[in-house]
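In what follows, a structure is listed as structure tokens, so that the remarks can point back to it.
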Amino acid sequence: MTRAADFIPDVQRLLAERGEPAYRLDQAYKALTNSLVRDWEEVTSLPKGLRAALAAEVPASTLTLERHYRASDGTRKYLFHTHDGHAIETVMIPEKKRRTVCISTQIGCPMACTFCATGLLGIKRNLKAREIAEQVFVAARDIAPERVSNVVVMGMGEPFLNYTETLRALKVLNDPEGFGLAARSIAASTSGLVDRIRRFADEPEQFHLAISLHTPFEEQRREIMPVAARHSIPELMSAARYYVDKTRRKLFFEYTLLAGVNDQPEHAAALSKLLDHPLYHLNLLRFNWTDTGYAATSKKRAREFLAEARERGLPATLRPSRGQDIDAACGQLAAKDLRGRPVVQLT
Ligand code: SAH
Ligand code: SF4
């Protein structure tokens, strides 16, 4: 299958049934991913009859924008409904010259990290590649003529539990014939699925990776992130080493500072021992409020923690939190009307 056929299999089927020439598929693919059309009527390069047939059978947009929020700091949040009535969220974060879009890969998340609002939801289903990429297309249209400069896969869901569709979407975002964003401007974040970290390292594109670590201590990691029971920290570090050895790219470790839990000097000391490769980089983030019983580390203590890590030679940054007044910050995405629905396990 070609990239276009993988991305829009329903369009390909319809074109095949009608006996359309092969180049029609590429035209449709480019219209959606490069011209960012949301309606087949806009694609004047396709014959009128074909446009009507497409419009009747395969909608050009798989997501419906339900609500659109703007935070006081310029962050924007989009609440979408999928064709089967689920809600997902996407965030656009402006920062100097950057316009970063943070996308979701699952409806909810089954990983159940104890501090994360998405984790409280459980999982309804994986998103399709098209649903993943379309989030970027909508944000790109929204901010035009400004351009999307970066995409981070850090919204709802664990992208590596939906590996195939997520990678399909990222490849379309990167494709010069598609959305055309440089691979190095695209980053995925995982809670630490080791086999998939290796697989990601083996991908030909130079996408960036972040691993959510949150504590250097084995027992504590199991308490705050259930995934840690599946993969120990040494297993995780071995996959991390594979990634940097294979790609020679920087590897980011995400660390959400939870007051009194993982923000003590011994954590900083153990982290600097554990993250022992020059390509490793620690990304600190203060906890954003969610109804999970945790509290945020003070700004002062967060800066001290940063200094403690740096003094020991660990490259580290403290990321500012964005979009909190519209619940758009990391870990706050809960597409609220999903709450209370039953949890569905992934098979
Ligand atoms: N599921 C992936 C990516 C989405 S979450 C992952 O877990 O890596 C993006 C980042 O936000 C992760 O590092 C996650 O641990 C962090 N996060 C989750 N809840 C948070 C919260 N309430 N405050 C701050 N960061 C949070
Ligand atoms: Fe899922 Fe990431 Fe939230 Fe954990 S932090 S529950 S993996 S979205």
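Labels used: A, B, ... for chains in the order of the structure tokens, numbers from 1 for residues in each chain, and numbers from 1 for ligands as shown.
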Task: Residues within 8 Å of ligand 1, counting only C-alpha atoms and all ligand atoms, as a count of residues only - done: 39
Taking 4 positions as the minimum chain separation for residues in the same chain, which residues sit within 12 Å of Ser45 (chain A) when counting only C-alpha atoms? Answer as a tab-separated table (two decimals) with all heavy atoms, in the first residue's frame.
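Written out: selection-v2.tsv:
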```tsv
chain	number	residue	atom	x	y	z
A	23	TYR	N	-4.01	8.44	-10.28
A	23	TYR	CA	-3.55	9.75	-9.79
A	23	TYR	C	-4.62	10.50	-8.99
A	23	TYR	O	-4.33	11.43	-8.26
A	23	TYR	CB	-3.02	10.62	-10.93
A	23	TYR	CG	-4.05	11.02	-11.96
A	23	TYR	CD1	-4.84	12.15	-11.79
A	23	TYR	CD2	-4.22	10.27	-13.12
A	23	TYR	CE1	-5.78	12.51	-12.72
A	23	TYR	CE2	-5.16	10.63	-14.07
A	23	TYR	CZ	-5.95	11.75	-13.87
A	23	TYR	OH	-6.89	12.11	-14.81
A	24	ARG	N	-5.87	10.06	-9.09
A	24	ARG	CA	-6.93	10.71	-8.30
A	24	ARG	C	-6.68	10.54	-6.81
A	24	ARG	O	-7.01	11.41	-6.01
A	24	ARG	CB	-8.31	10.12	-8.65
A	24	ARG	CG	-8.78	10.42	-10.05
A	24	ARG	CD	-9.23	11.86	-10.18
A	24	ARG	NE	-9.72	12.14	-11.52
A	24	ARG	CZ	-9.45	13.26	-12.20
A	24	ARG	NH1	-8.67	14.19	-11.67
A	24	ARG	NH2	-9.95	13.45	-13.38
A	25	LEU	N	-6.10	9.39	-6.43
A	25	LEU	CA	-5.83	9.15	-5.02
A	25	LEU	C	-4.80	10.18	-4.51
A	25	LEU	O	-4.96	10.74	-3.43
A	25	LEU	CB	-5.31	7.72	-4.81
A	25	LEU	CG	-5.00	7.36	-3.36
A	25	LEU	CD1	-6.26	7.37	-2.49
A	25	LEU	CD2	-4.34	5.99	-3.27
A	26	ASP	N	-3.78	10.41	-5.31
A	26	ASP	CA	-2.77	11.40	-4.91
A	26	ASP	C	-3.36	12.80	-4.83
A	26	ASP	O	-3.01	13.58	-3.94
A	26	ASP	CB	-1.59	11.39	-5.90
A	26	ASP	CG	-0.77	10.13	-5.75
A	26	ASP	OD1	-0.71	9.60	-4.62
A	26	ASP	OD2	-0.21	9.67	-6.76
A	27	GLN	N	-4.26	13.09	-5.74
A	27	GLN	CA	-4.90	14.42	-5.70
A	27	GLN	C	-5.70	14.58	-4.41
A	27	GLN	O	-5.64	15.62	-3.75
A	27	GLN	CB	-5.85	14.59	-6.90
A	27	GLN	CG	-5.12	14.89	-8.19
A	27	GLN	CD	-6.11	15.06	-9.34
A	27	GLN	OE1	-7.01	14.23	-9.53
A	27	GLN	NE2	-5.94	16.12	-10.11
A	28	ALA	N	-6.43	13.52	-4.07
A	28	ALA	CA	-7.25	13.59	-2.85
A	28	ALA	C	-6.35	13.70	-1.62
A	28	ALA	O	-6.61	14.50	-0.71
A	28	ALA	CB	-8.14	12.34	-2.74
A	30	LYS	N	-3.28	14.92	-1.42
A	30	LYS	CA	-2.67	16.25	-1.34
A	30	LYS	C	-3.68	17.31	-0.90
A	30	LYS	O	-3.35	18.23	-0.16
A	30	LYS	CB	-2.08	16.66	-2.69
A	30	LYS	CG	-0.68	16.13	-2.85
A	30	LYS	CD	-0.01	16.73	-4.06
A	30	LYS	CE	1.11	15.82	-4.49
A	30	LYS	NZ	1.48	15.94	-5.87
A	31	ALA	N	-4.91	17.15	-1.38
A	31	ALA	CA	-5.95	18.12	-0.99
A	31	ALA	C	-6.14	18.12	0.52
A	31	ALA	O	-6.22	19.17	1.16
A	31	ALA	CB	-7.27	17.78	-1.69
A	35	SER	N	-3.21	20.92	1.06
A	35	SER	CA	-4.08	22.10	0.92
A	35	SER	C	-5.02	22.23	2.12
A	35	SER	O	-5.68	23.25	2.27
A	35	SER	CB	-4.91	22.01	-0.36
A	35	SER	OG	-4.09	21.68	-1.46
A	40	TRP	N	-14.91	18.28	0.30
A	40	TRP	CA	-14.50	17.88	-1.06
A	40	TRP	C	-14.85	18.93	-2.10
A	40	TRP	O	-14.20	19.02	-3.14
A	40	TRP	CB	-15.13	16.54	-1.43
A	40	TRP	CG	-14.61	15.37	-0.64
A	40	TRP	CD1	-15.32	14.56	0.19
A	40	TRP	CD2	-13.26	14.87	-0.60
A	40	TRP	NE1	-14.51	13.60	0.76
A	40	TRP	CE2	-13.25	13.77	0.29
A	40	TRP	CE3	-12.07	15.27	-1.21
A	40	TRP	CZ2	-12.09	13.05	0.57
A	40	TRP	CZ3	-10.91	14.55	-0.94
A	40	TRP	CH2	-10.93	13.46	-0.05
A	41	GLU	N	-15.88	19.73	-1.84
A	41	GLU	CA	-16.28	20.75	-2.80
A	41	GLU	C	-15.14	21.73	-3.09
A	41	GLU	O	-15.08	22.33	-4.15
A	41	GLU	CB	-17.52	21.51	-2.31
A	41	GLU	CG	-18.83	20.86	-2.72
A	41	GLU	CD	-18.85	20.49	-4.21
A	41	GLU	OE1	-18.58	21.37	-5.05
A	41	GLU	OE2	-19.12	19.31	-4.52
A	49	GLY	N	-18.55	15.31	-10.55
A	49	GLY	CA	-19.25	14.09	-10.19
A	49	GLY	C	-18.51	13.31	-9.10
A	49	GLY	O	-19.12	12.75	-8.18
A	50	LEU	N	-17.21	13.29	-9.21
A	50	LEU	CA	-16.39	12.58	-8.23
A	50	LEU	C	-16.46	13.30	-6.88
A	50	LEU	O	-16.56	12.67	-5.83
A	50	LEU	CB	-14.94	12.49	-8.72
A	50	LEU	CG	-13.94	11.83	-7.77
A	50	LEU	CD1	-14.39	10.42	-7.36
A	50	LEU	CD2	-12.55	11.76	-8.40
A	51	ARG	N	-16.43	14.62	-6.92
A	51	ARG	CA	-16.54	15.39	-5.66
A	51	ARG	C	-17.84	15.07	-4.96
A	51	ARG	O	-17.87	14.86	-3.74
A	51	ARG	CB	-16.47	16.89	-5.96
A	51	ARG	CG	-15.06	17.30	-6.21
A	51	ARG	CD	-14.78	18.74	-6.50
A	51	ARG	NE	-15.80	19.69	-6.78
A	51	ARG	CZ	-15.76	20.52	-7.83
A	51	ARG	NH1	-14.79	20.46	-8.71
A	51	ARG	NH2	-16.71	21.41	-7.99
```
Task: Selected residue, from A:Ile186, A:Leu161, A:Ala259, A:Leu271, that lies nearest to ligand 2 when counting only C-alpha atoms and all ligand atoms - done: A:Leu161
Task: DSSP strand (DSSP E) residues within region 22-167 of chain A, as a ChimeraX atom specification - done: /A:63-70,76-82,87-95,98-102,106-109,122-126,150-153
